[in-house]
$ cat start_1.cif   # mmCIF, C-alpha atoms
data_structure
#
loop_
_atom_site.group_PDB
_atom_site.id
_atom_site.type_symbol
_atom_site.label_atom_id
_atom_site.label_comp_id
_atom_site.auth_asym_id
_atom_site.auth_seq_id
_atom_site.Cartn_x
_atom_site.Cartn_y
_atom_site.Cartn_z
ATOM 1 C CA SER F 229 0.000 0.000 0.000
ATOM 2 C CA ALA F 230 2.950 2.354 0.594
ATOM 3 C CA LEU F 231 3.774 2.179 -3.114
ATOM 4 C CA ARG F 232 0.424 3.742 -4.008
ATOM 5 C CA ASP F 233 1.869 7.067 -2.919
ATOM 6 C CA PRO F 234 4.510 8.185 -5.460
ATOM 7 C CA ARG F 235 6.166 10.239 -2.737
ATOM 8 C CA THR F 236 7.189 7.068 -0.907
ATOM 9 C CA GLN F 237 10.806 6.630 -1.971
ATOM 10 C CA ARG F 238 12.255 4.795 1.049
ATOM 11 C CA SER F 239 10.947 2.397 3.660
ATOM 12 C CA ILE F 240 12.412 0.858 6.778
ATOM 13 C CA LEU F 241 10.954 -2.314 8.247
ATOM 14 C CA MET F 242 10.955 -2.393 12.034
ATOM 15 C CA SER F 243 9.256 -4.459 14.710
ATOM 16 C CA GLU F 244 6.898 -3.354 17.465
ATOM 17 C CA ALA F 245 9.886 -3.639 19.809
ATOM 18 C CA GLY F 246 12.154 -1.495 17.637
ATOM 19 C CA VAL F 247 13.255 2.022 18.604
ATOM 20 C CA PRO F 248 15.189 4.720 16.711
ATOM 21 C CA LEU F 249 18.771 5.380 17.733
ATOM 22 C CA HIS F 250 18.836 8.866 16.204
ATOM 23 C CA PRO F 251 16.410 11.756 15.536
ATOM 24 C CA PHE F 252 14.078 11.449 12.557
ATOM 25 C CA TRP F 253 15.993 13.881 10.377
ATOM 26 C CA CYS F 254 19.143 11.830 10.925
ATOM 27 C CA LEU F 255 17.439 8.642 9.733
ATOM 28 C CA HIS F 256 15.896 10.487 6.774
ATOM 29 C CA THR F 257 19.221 12.005 5.688
ATOM 30 C CA TYR F 258 21.020 8.665 6.067
ATOM 31 C CA LEU F 259 18.571 6.712 3.904
ATOM 32 C CA PHE F 260 18.427 9.349 1.166
ATOM 33 C CA SER F 261 22.198 9.823 1.039
ATOM 34 C CA THR F 262 22.554 6.605 -0.981
ATOM 35 C CA GLU F 263 20.625 4.910 -3.790
ATOM 36 C CA ARG F 264 21.222 1.500 -2.233
ATOM 37 C CA SER F 265 19.062 -0.577 0.113
ATOM 38 C CA PHE F 266 20.337 -1.961 3.425
ATOM 39 C CA VAL F 267 19.744 -5.727 3.495
ATOM 40 C CA ALA F 268 21.861 -8.212 5.463
ATOM 41 C CA SER F 269 22.689 -11.083 3.131
ATOM 42 C CA TRP F 270 25.016 -14.064 3.236
ATOM 43 C CA ARG F 271 25.330 -17.356 1.407
ATOM 44 C CA THR F 272 23.744 -20.387 2.989
ATOM 45 C CA ASP F 273 21.885 -23.576 2.172
ATOM 46 C CA GLU F 274 20.416 -23.661 5.662
ATOM 47 C CA ARG F 275 16.724 -24.518 5.909
ATOM 48 C CA ARG F 276 16.007 -24.465 2.181
ATOM 49 C CA LYS F 277 16.370 -28.233 1.834
ATOM 50 C CA VAL F 278 14.012 -29.124 4.652
ATOM 51 C CA LEU F 279 11.692 -26.099 4.824
ATOM 52 C CA TYR F 280 10.994 -25.157 1.196
ATOM 53 C CA ASP F 281 9.939 -26.874 -2.005
ATOM 54 C CA PHE F 282 9.745 -24.411 -4.914
ATOM 55 C CA GLY F 283 8.850 -27.111 -7.425
ATOM 56 C CA VAL F 284 10.043 -26.345 -10.978
ATOM 57 C CA GLU F 285 11.804 -23.190 -9.713
ATOM 58 C CA ASP F 286 13.704 -24.982 -6.960
ATOM 59 C CA ASP F 287 17.022 -24.861 -8.826
ATOM 60 C CA LEU F 288 16.697 -21.086 -9.313
ATOM 61 C CA TYR F 289 16.205 -20.530 -5.575
ATOM 62 C CA ARG F 290 18.868 -23.079 -4.641
ATOM 63 C CA LYS F 291 21.557 -21.133 -6.502
ATOM 64 C CA ARG F 292 20.509 -17.815 -4.974
ATOM 65 C CA TRP F 293 19.426 -18.852 -1.484
ATOM 66 C CA ARG F 294 20.398 -16.221 1.083
ATOM 67 C CA LYS F 295 19.949 -15.557 4.770
ATOM 68 C CA GLY F 296 19.867 -12.243 6.618
ATOM 69 C CA HIS F 297 17.728 -10.267 9.052
ATOM 70 C CA GLN F 298 14.142 -9.324 8.297
ATOM 71 C CA TRP F 299 14.817 -5.734 9.392
ATOM 72 C CA VAL F 300 15.700 -3.920 6.176
ATOM 73 C CA ALA F 301 15.723 -0.429 4.658
ATOM 74 C CA LEU F 302 14.625 -0.329 1.035
ATOM 75 C CA THR F 303 14.512 1.995 -1.948
ATOM 76 C CA ARG F 304 11.257 2.239 -3.860
ATOM 77 C CA LYS F 305 12.615 0.002 -6.633
ATOM 78 C CA HIS F 306 13.392 -2.802 -4.209
ATOM 79 C CA MET F 307 10.139 -2.338 -2.309
ATOM 80 C CA ALA F 308 8.285 -3.106 -5.552
ATOM 81 C CA LEU F 309 10.169 -6.403 -5.949
ATOM 82 C CA LEU F 310 9.146 -7.639 -2.485
ATOM 83 C CA ASP F 311 5.421 -7.716 -3.138
ATOM 84 C CA ALA F 312 2.651 -9.865 -1.667
ATOM 85 C CA ALA F 313 2.692 -12.247 -4.640
ATOM 86 C CA GLN F 314 6.381 -12.982 -4.105
ATOM 87 C CA TYR F 315 5.824 -13.566 -0.381
ATOM 88 C CA GLU F 316 2.981 -15.947 -1.254
ATOM 89 C CA THR F 317 5.470 -17.905 -3.370
ATOM 90 C CA PHE F 318 7.568 -18.406 -0.231
ATOM 91 C CA ARG F 319 4.550 -19.324 1.873
ATOM 92 C CA LYS F 320 3.363 -21.959 -0.609
ATOM 93 C CA ALA F 321 6.865 -23.371 -1.037
ATOM 94 C CA HIS F 322 7.076 -23.841 2.724
ATOM 95 C CA ALA F 323 3.620 -25.429 2.913
ATOM 96 C CA MET F 324 4.745 -27.993 0.307
ATOM 97 C CA SER F 325 7.809 -29.048 2.310
ATOM 98 C CA SER F 326 8.027 -32.292 4.259
ATOM 99 C CA ARG F 327 9.011 -30.414 7.427
ATOM 100 C CA ALA F 328 5.814 -28.332 7.278
ATOM 101 C CA ALA F 329 3.774 -31.518 6.867
ATOM 102 C CA ASP F 330 5.425 -32.982 9.970
ATOM 103 C CA PHE F 331 4.724 -29.796 11.911
ATOM 104 C CA ARG F 332 1.038 -29.815 10.883
ATOM 105 C CA ARG F 333 0.674 -33.373 12.181
ATOM 106 C CA GLU F 334 2.042 -32.279 15.565
ATOM 107 C CA TRP F 335 0.013 -29.054 15.692
ATOM 108 C CA ARG F 336 -3.154 -29.194 17.790
ATOM 109 C CA GLY F 337 -4.883 -26.198 16.220
ATOM 110 C CA PRO F 338 -6.118 -25.329 12.709
ATOM 111 C CA ALA F 339 -3.733 -26.300 9.883
ATOM 112 C CA LYS F 340 -3.449 -22.719 8.571
ATOM 113 C CA GLU F 341 -2.280 -21.516 11.974
ATOM 114 C CA ALA F 342 0.368 -24.229 11.936
ATOM 115 C CA ASP F 343 1.687 -23.039 8.558
ATOM 116 C CA ASP F 344 1.684 -19.392 9.608
ATOM 117 C CA THR F 345 3.493 -20.190 12.866
ATOM 118 C CA HIS F 346 6.139 -22.372 11.277
ATOM 119 C CA HIS F 347 6.511 -20.054 8.269
ATOM 120 C CA CYS F 348 8.074 -17.312 10.412
ATOM 121 C CA PHE F 349 11.459 -18.644 9.324
ATOM 122 C CA ALA F 350 10.850 -17.125 5.878
ATOM 123 C CA ASP F 351 11.391 -13.661 7.340
ATOM 124 C CA GLU F 352 15.121 -14.409 7.572
ATOM 125 C CA HIS F 353 15.349 -15.415 3.909
ATOM 126 C CA PHE F 354 12.634 -13.600 1.980
ATOM 127 C CA ALA F 355 14.151 -10.173 1.247
ATOM 128 C CA ALA F 356 17.753 -11.235 0.620
ATOM 129 C CA THR F 357 16.810 -14.261 -1.490
ATOM 130 C CA THR F 358 14.142 -12.489 -3.539
ATOM 131 C CA LEU F 359 16.458 -9.595 -4.388
ATOM 132 C CA ALA F 360 19.153 -12.120 -5.357
ATOM 133 C CA VAL F 361 16.695 -13.930 -7.641
ATOM 134 C CA HIS F 362 15.865 -10.585 -9.285
ATOM 135 C CA GLY F 363 19.577 -9.940 -9.857
ATOM 136 C CA VAL F 364 19.887 -6.681 -7.914
ATOM 137 C CA GLU F 365 22.373 -7.675 -5.197
ATOM 138 C CA GLY F 366 24.842 -5.173 -6.593
ATOM 139 C CA GLU F 367 22.439 -2.441 -5.462
ATOM 140 C CA LEU F 368 22.553 -3.462 -1.783
ATOM 141 C CA VAL F 369 24.583 -2.547 1.265
ATOM 142 C CA PRO F 370 24.824 -6.044 2.817
ATOM 143 C CA ALA F 371 24.063 -4.920 6.365
ATOM 144 C CA SER F 372 20.894 -4.557 8.425
ATOM 145 C CA PRO F 373 20.075 -1.015 9.628
ATOM 146 C CA THR F 374 19.012 -2.431 13.006
ATOM 147 C CA TYR F 375 21.207 -3.235 16.008
ATOM 148 C CA ILE F 376 20.388 -6.741 17.316
ATOM 149 C CA SER F 377 22.109 -9.056 19.753
ATOM 150 C CA PHE F 378 21.239 -12.658 20.549
ATOM 151 C CA GLY F 379 20.945 -14.754 23.678
ATOM 152 C CA ALA F 380 20.568 -13.584 27.264
ATOM 153 C CA TYR F 381 22.007 -10.079 27.670
ATOM 154 C CA ARG F 382 25.224 -9.888 29.638
ATOM 155 C CA ARG F 383 26.788 -6.489 30.186
ATOM 156 C CA GLU F 384 30.292 -7.768 29.600
ATOM 157 C CA GLY F 385 29.320 -8.679 26.034
ATOM 158 C CA ARG F 386 26.871 -10.449 23.785
ATOM 159 C CA ARG F 387 26.629 -14.199 23.652
ATOM 160 C CA LEU F 388 27.529 -15.467 20.198
ATOM 161 C CA LEU F 389 25.174 -17.717 18.305
ATOM 162 C CA ALA F 390 26.121 -21.319 17.763
ATOM 163 C CA PRO F 391 25.298 -22.907 14.389
ATOM 164 C CA LEU F 392 21.564 -23.504 14.234
ATOM 165 C CA ASP F 393 19.919 -26.853 13.570
ATOM 166 C CA ILE F 394 16.273 -26.295 12.702
ATOM 167 C CA THR F 395 15.521 -29.983 13.199
ATOM 168 C CA GLN F 396 16.166 -29.587 16.933
ATOM 169 C CA PRO F 397 13.925 -27.938 19.601
ATOM 170 C CA MET F 398 13.982 -24.146 19.903
ATOM 171 C CA LYS F 399 16.867 -22.817 21.959
ATOM 172 C CA ARG F 400 16.954 -19.654 24.017
ATOM 173 C CA ASP F 401 19.918 -18.251 22.095
ATOM 174 C CA TRP F 402 17.989 -18.374 18.812
ATOM 175 C CA ARG F 403 15.942 -15.357 19.823
ATOM 176 C CA ALA F 404 17.022 -11.733 19.769
ATOM 177 C CA THR F 405 17.914 -10.231 23.146
ATOM 178 C CA THR F 406 15.060 -8.473 24.953
ATOM 179 C CA TYR F 407 16.480 -5.601 27.009
ATOM 180 C CA LYS F 408 15.085 -5.042 30.483
ATOM 181 C CA PRO F 409 15.051 -1.503 31.959
ATOM 182 C CA ALA F 410 18.194 -2.183 33.985
ATOM 183 C CA ASP F 411 20.040 -3.241 30.824
ATOM 184 C CA VAL F 412 19.679 0.154 29.127
ATOM 185 C CA THR F 413 22.853 1.989 30.058
ATOM 186 C CA ARG F 414 25.029 4.626 28.480
ATOM 187 C CA GLU F 415 27.521 1.898 27.610
ATOM 188 C CA LEU F 416 24.905 -0.055 25.686
ATOM 189 C CA LEU F 417 23.695 3.032 23.816
ATOM 190 C CA ASP F 418 27.260 4.014 22.986
ATOM 191 C CA VAL F 419 27.733 0.631 21.307
ATOM 192 C CA ALA F 420 24.428 0.860 19.419
ATOM 193 C CA ARG F 421 24.999 4.492 18.428
ATOM 194 C CA GLY F 422 28.634 4.006 17.498
ATOM 195 C CA ARG F 423 30.110 4.941 14.148
ATOM 196 C CA CYS F 424 31.643 2.464 11.706
ATOM 197 C CA ARG F 425 33.789 2.202 8.639
ATOM 198 C CA PHE F 426 31.969 0.171 5.966
ATOM 199 C CA SER F 427 33.836 -1.971 3.465
ATOM 200 C CA THR F 428 32.651 -2.106 -0.131
ATOM 201 C CA ASP F 429 32.226 -5.901 -0.091
ATOM 202 C CA PRO F 430 29.200 -6.794 -2.228
ATOM 203 C CA ALA F 431 26.253 -8.988 -1.288
ATOM 204 C CA PRO F 432 26.165 -11.795 -0.456
ATOM 205 C CA LEU F 433 28.761 -12.099 2.286
ATOM 206 C CA ALA F 434 30.447 -15.458 2.863
ATOM 207 C CA ASP F 435 28.636 -16.399 6.074
ATOM 208 C CA ALA F 436 26.862 -15.074 9.177
ATOM 209 C CA ASP F 437 30.171 -14.181 10.848
ATOM 210 C CA SER F 438 31.204 -11.886 7.992
ATOM 211 C CA THR F 439 30.551 -8.159 8.305
ATOM 212 C CA ILE F 440 31.270 -5.001 6.366
ATOM 213 C CA ARG F 441 31.360 -2.934 9.593
ATOM 214 C CA THR F 442 34.531 -1.921 11.432
ATOM 215 C CA PRO F 443 33.657 0.000 14.642
ATOM 216 C CA LEU F 444 35.298 3.388 15.129
ATOM 217 C CA SER F 445 36.061 4.773 18.570
ATOM 218 C CA LYS F 446 33.343 7.424 18.526
ATOM 219 C CA VAL F 447 29.593 7.823 18.864
ATOM 220 C CA THR F 448 27.271 9.665 16.511
ATOM 221 C CA ALA F 449 27.051 13.278 17.663
ATOM 222 C CA TRP F 450 23.706 14.767 18.622
ATOM 223 C CA ALA F 451 22.270 16.348 15.479
ATOM 224 C CA ALA F 452 20.652 19.473 16.889
ATOM 225 C CA SER F 453 19.218 20.486 13.520
ATOM 226 C CA GLU F 454 18.574 19.092 10.075
ATOM 227 C CA ARG F 455 21.625 20.972 8.819
ATOM 228 C CA ASP F 456 23.802 19.154 11.353
ATOM 229 C CA ALA F 457 22.199 15.853 10.370
ATOM 230 C CA ARG F 458 23.322 16.269 6.779
ATOM 231 C CA ARG F 459 26.899 16.381 8.036
ATOM 232 C CA GLU F 460 26.723 13.721 10.774
ATOM 233 C CA CYS F 461 24.225 11.223 9.356
ATOM 234 C CA ARG F 462 25.148 10.657 5.733
ATOM 235 C CA PHE F 463 26.059 7.115 4.667
ATOM 236 C CA LEU F 464 29.746 7.282 3.796
ATOM 237 C CA HIS F 465 31.876 4.142 3.679
ATOM 238 C CA GLU F 466 34.720 5.709 5.620
ATOM 239 C CA ASP F 467 32.630 7.021 8.547
ATOM 240 C CA ALA F 468 28.893 6.717 9.236
ATOM 241 C CA PRO F 469 26.511 5.662 12.023
ATOM 242 C CA CYS F 470 26.670 1.874 12.353
ATOM 243 C CA TYR F 471 22.925 1.454 12.940
ATOM 244 C CA LEU F 472 19.683 3.408 12.677
ATOM 245 C CA MET F 473 17.358 1.300 14.851
ATOM 246 C CA MET F 474 17.624 -1.043 17.833
ATOM 247 C CA ARG F 475 15.606 -3.977 19.140
ATOM 248 C CA LYS F 476 14.201 -5.506 21.329
ATOM 249 C CA ILE F 477 12.937 -2.748 23.593
ATOM 250 C CA PRO F 478 9.573 -3.939 25.039
ATOM 251 C CA LYS F 479 6.922 -1.559 26.375
ATOM 252 C CA GLU F 480 8.112 -1.810 29.972
ATOM 253 C CA THR F 481 11.613 -0.714 28.896
ATOM 254 C CA VAL F 482 10.528 2.251 26.747
ATOM 255 C CA PRO F 483 10.449 4.854 29.605
ATOM 256 C CA ARG F 484 13.965 3.877 30.670
ATOM 257 C CA TYR F 485 15.172 3.938 27.058
ATOM 258 C CA LEU F 486 13.715 7.408 26.463
ATOM 259 C CA GLU F 487 15.339 8.711 29.646
ATOM 260 C CA SER F 488 18.722 7.247 28.757
ATOM 261 C CA TYR F 489 18.407 8.323 25.133
ATOM 262 C CA LYS F 490 17.783 11.962 26.047
ATOM 263 C CA ASN F 491 20.568 11.989 28.640
ATOM 264 C CA ASN F 492 22.933 10.370 26.197
ATOM 265 C CA LEU F 493 22.258 13.093 23.657
ATOM 266 C CA SER F 494 22.475 16.050 26.016
#
$ encode --input "start_1.cif" --output "C-alpha cells"
Amino acid sequence: SALRDPRTQRSILMSEAGVPLHPFWCLHTYLFSTERSFVASWRTDERRKVLYDFGVEDDLYRKRWRKGHQWVALTRKHMALLDAAQYETFRKAHAMSSRAADFRREWRGPAKEADDTHHCFADEHFAATTLAVHGVEGELVPASPTYISFGAYRREGRRLLAPLDITQPMKRDWRATTYKPADVTRELLDVARGRCRFSTDPAPLADADSTIRTPLSKVTAWAASERDARRECRFLHEDAPCYLMMRKIPKETVPRYLESYKNNLS
C-alpha cells in the first residue's frame, strides 16, 4: 500500500519492539544519502532443503538462497520487488515441504495456523533471497540497519550464536535479546549508536560471521538540527553511524530507554 503514494521513496521495516537510535531527520538524511538498500545477506543452504519446495523453480532458488535479518531499509525500486505475490510464493513453497507436513501433524490447532506459525522462518530469507533472484544484489549494502544481539544479555558482552539446527527444539539463544530496563545503560547506547567504517564488499557475504562494519572509537554526535544531520548522518563508507534502529525494547523498557536516550544526547 505504501507504493500507491509516489512520494514514498524509502521504507524501513521495524518491529513493534524497535526504537530509533537517532532523531528522525538523521534517519531520513542517512537513507536518502545513498541509492542502495540496506539488506543483510550471506550465502547459505540452511533450511532451504528441509523447509521449502519451490517445485520447478527450486534450482533457481537453490543457486541464490540467502539468509539475513528481516529488518531492512529499502529503496522504492526494491520495495516493488518484495510484493505480496512474491511472499505468497515463499509461503506456498514452505507449505509444500516435508518439514511443514510434519509440523502440521504435531500441531493441535487449525492447519493454517500451523503453517503461519512455522513459516516465520521465511522472514530471515525472503528479502535477501528475492532480491538475489531478481539480480539486484549489486544495489545493496549487505548490512541490516538495526542493532540486534542474541541470547541472554550480559553487560560484559553479547553471547555469540552457535550454528543452528532447525531440526532440533527451539533454543533460548535463537531469539534476539530483549532488554530489560536495567540493561539500558550509556555503555549499551554508545555501542548501538557508534560509528563504523563500511567496506565495499558486495552482497552476499560469505557467512553469518562476515561483516562489512569496522567500529570506530566514537559515537554519533547529537544532530541538533537538520543541517547538522546532513553532516553527521550521511552514509559514507569511511565514517557513518553503524545502525539506525535497535531492538528488542519492550513496552516496559521504553520509559527507561527514552530517559537514557535523552541523557545520552544532552
$ residues_around --input "start_1.cif" --residues "Leu417 (chain F)" --least-positions-apart "5" --cutoff "10 Å" --atoms "only C-alpha atoms" --output "ChimeraX atom specification"
/F:249,412,422,447,474,485,488-489,492
$ closest_residue --input "start_1.cif" --among "F:Ala410, F:Leu368, F:Ala328, F:Leu309" --to "Ser269 (chain F)" --atoms "only C-alpha atoms"
F:Leu368
$ closest_residue --input "start_1.cif" --among "F:Asp429, F:Ala230, F:Leu486, F:Leu279" --to "Phe331 (chain F)" --atoms "all atoms listed in the file"
F:Leu279
$ closest_residue --input "start_1.cif" --among "F:Thr272, F:Thr257, F:Thr413, F:Ser239" --to "Leu433 (chain F)" --atoms "only C-alpha atoms"
F:Thr272
$ resolve_selection --input "start_1.cif" --expression "the PyMOL selection byres ((chain F and resi 241) around 9)" --output "ChimeraX atom specification"
/F:239-240,242-243,298-302
$ resolve_selection --input "start_1.cif" --expression "the PyMOL selection byres ((chain F and resi 304) around 9)" --output "number ranges by chain"
F: 231, 236-239, 302-303, 305-309
$ closest_residue --input "start_1.cif" --among "F:Ala431, F:Ile440, F:Val361, F:Ile477" --to "Lys291 (chain F)" --atoms "only C-alpha atoms"
F:Val361
$ residues_near_point --input "start_1.cif" --point "(21.5, -7.4, 3.9)" --cutoff "8 Å" --atoms "all atoms listed in the file" --output "list in words"
Phe266, Val267, Ala268, Ser269, Trp270, Gly296, His297, Val300, Ala356, Leu368, Val369, Pro370, Ala371, Ser372, Ala431 and Pro432 of chain F
$ write_last_selection --input "start_1.cif" --atoms "C-alpha atoms" --output "CSV table (one decimal), in the frame of the given file"
chain,number,residue,atom,x,y,z
F,266,PHE,CA,20.3,-2.0,3.4
F,267,VAL,CA,19.7,-5.7,3.5
F,268,ALA,CA,21.9,-8.2,5.5
F,269,SER,CA,22.7,-11.1,3.1
F,270,TRP,CA,25.0,-14.1,3.2
F,296,GLY,CA,19.9,-12.2,6.6
F,297,HIS,CA,17.7,-10.3,9.1
F,300,VAL,CA,15.7,-3.9,6.2
F,356,ALA,CA,17.8,-11.2,0.6
F,368,LEU,CA,22.6,-3.5,-1.8
F,369,VAL,CA,24.6,-2.5,1.3
F,370,PRO,CA,24.8,-6.0,2.8
F,371,ALA,CA,24.1,-4.9,6.4
F,372,SER,CA,20.9,-4.6,8.4
F,431,ALA,CA,26.3,-9.0,-1.3
F,432,PRO,CA,26.2,-11.8,-0.5
$ residues_around --input "start_1.cif" --residues "region 458-470 of chain F" --least-positions-apart "2" --cutoff "10 Å" --atoms "only C-alpha atoms" --output "tab-separated table (two decimals) with C-alpha atoms, in the frame of the given file"
chain	number	residue	atom	x	y	z
F	249	LEU	CA	18.77	5.38	17.73
F	250	HIS	CA	18.84	8.87	16.20
F	251	PRO	CA	16.41	11.76	15.54
F	253	TRP	CA	15.99	13.88	10.38
F	254	CYS	CA	19.14	11.83	10.92
F	255	LEU	CA	17.44	8.64	9.73
F	256	HIS	CA	15.90	10.49	6.77
F	257	THR	CA	19.22	12.00	5.69
F	258	TYR	CA	21.02	8.66	6.07
F	259	LEU	CA	18.57	6.71	3.90
F	260	PHE	CA	18.43	9.35	1.17
F	261	SER	CA	22.20	9.82	1.04
F	262	THR	CA	22.55	6.60	-0.98
F	371	ALA	CA	24.06	-4.92	6.36
F	372	SER	CA	20.89	-4.56	8.43
F	373	PRO	CA	20.08	-1.01	9.63
F	374	THR	CA	19.01	-2.43	13.01
F	375	TYR	CA	21.21	-3.24	16.01
F	419	VAL	CA	27.73	0.63	21.31
F	420	ALA	CA	24.43	0.86	19.42
F	421	ARG	CA	25.00	4.49	18.43
F	422	GLY	CA	28.63	4.01	17.50
F	423	ARG	CA	30.11	4.94	14.15
F	424	CYS	CA	31.64	2.46	11.71
F	425	ARG	CA	33.79	2.20	8.64
F	426	PHE	CA	31.97	0.17	5.97
F	427	SER	CA	33.84	-1.97	3.46
F	428	THR	CA	32.65	-2.11	-0.13
F	440	ILE	CA	31.27	-5.00	6.37
F	441	ARG	CA	31.36	-2.93	9.59
F	442	THR	CA	34.53	-1.92	11.43
F	443	PRO	CA	33.66	0.00	14.64
F	444	LEU	CA	35.30	3.39	15.13
F	446	LYS	CA	33.34	7.42	18.53
F	447	VAL	CA	29.59	7.82	18.86
F	448	THR	CA	27.27	9.66	16.51
F	449	ALA	CA	27.05	13.28	17.66
F	450	TRP	CA	23.71	14.77	18.62
F	451	ALA	CA	22.27	16.35	15.48
F	453	SER	CA	19.22	20.49	13.52
F	454	GLU	CA	18.57	19.09	10.07
F	455	ARG	CA	21.62	20.97	8.82
F	456	ASP	CA	23.80	19.15	11.35
F	472	LEU	CA	19.68	3.41	12.68
F	473	MET	CA	17.36	1.30	14.85
$ atom_distance --input "start_1.cif" --atom1 "CA of Thr357 (chain F)" --atom2 "CA of Gln314 (chain F)"
10.8 Å
$ decode --input "start_1.cif" --residues "region 447-463 of chain F" --atoms "N, CA, C and O atoms" --output "tab-separated table (two decimals), in the first residue's frame"
chain	number	residue	atom	x	y	z
F	447	VAL	N	31.04	7.98	18.89
F	447	VAL	CA	29.59	7.82	18.86
F	447	VAL	C	29.01	8.94	18.00
F	447	VAL	O	29.58	10.03	17.92
F	448	THR	N	27.90	8.65	17.34
F	448	THR	CA	27.27	9.67	16.51
F	448	THR	C	26.89	10.88	17.35
F	448	THR	O	26.22	10.77	18.36
F	449	ALA	N	27.33	12.05	16.92
F	449	ALA	CA	27.05	13.28	17.66
F	449	ALA	C	25.57	13.63	17.58
F	449	ALA	O	24.88	13.28	16.64
F	450	TRP	N	25.08	14.29	18.60
F	450	TRP	CA	23.71	14.77	18.62
F	450	TRP	C	23.49	15.78	17.50
F	450	TRP	O	24.16	16.80	17.42
F	451	ALA	N	22.58	15.45	16.59
F	451	ALA	CA	22.27	16.35	15.48
F	451	ALA	C	21.19	17.31	15.94
F	451	ALA	O	20.01	16.96	16.01
F	452	ALA	N	21.59	18.50	16.32
F	452	ALA	CA	20.65	19.47	16.89
F	452	ALA	C	19.73	20.08	15.84
F	452	ALA	O	18.73	20.70	16.17
F	453	SER	N	20.05	19.93	14.58
F	453	SER	CA	19.22	20.49	13.52
F	453	SER	C	19.36	19.63	12.29
F	453	SER	O	20.26	18.78	12.19
F	454	GLU	N	18.49	19.84	11.32
F	454	GLU	CA	18.57	19.09	10.07
F	454	GLU	C	19.88	19.40	9.35
F	454	GLU	O	20.47	18.54	8.70
F	455	ARG	N	20.36	20.62	9.46
F	455	ARG	CA	21.62	20.97	8.82
F	455	ARG	C	22.77	20.15	9.39
F	455	ARG	O	23.63	19.65	8.66
F	456	ASP	N	22.78	19.98	10.73
F	456	ASP	CA	23.80	19.15	11.35
F	456	ASP	C	23.68	17.70	10.91
F	456	ASP	O	24.68	16.99	10.73
F	457	ALA	N	22.43	17.24	10.76
F	457	ALA	CA	22.20	15.85	10.37
F	457	ALA	C	22.80	15.55	9.01
F	457	ALA	O	23.30	14.45	8.76
F	458	ARG	N	22.76	16.50	8.11
F	458	ARG	CA	23.32	16.27	6.78
F	458	ARG	C	24.83	16.04	6.85
F	458	ARG	O	25.41	15.35	6.01
F	459	ARG	N	25.47	16.58	7.87
F	459	ARG	CA	26.90	16.38	8.04
F	459	ARG	C	27.19	15.10	8.82
F	459	ARG	O	28.08	14.33	8.46
F	460	GLU	N	26.43	14.83	9.88
F	460	GLU	CA	26.72	13.72	10.77
F	460	GLU	C	26.10	12.39	10.33
F	460	GLU	O	26.58	11.33	10.73
F	461	CYS	N	25.03	12.42	9.56
F	461	CYS	CA	24.22	11.22	9.36
F	461	CYS	C	24.18	10.73	7.92
F	461	CYS	O	23.31	9.95	7.56
F	462	ARG	N	25.09	11.18	7.09
F	462	ARG	CA	25.15	10.66	5.73
F	462	ARG	C	25.81	9.28	5.74
F	462	ARG	O	26.66	8.98	6.59
F	463	PHE	N	25.40	8.41	4.79
F	463	PHE	CA	26.06	7.11	4.67
F	463	PHE	C	27.30	7.28	3.80
F	463	PHE	O	27.23	7.47	2.59
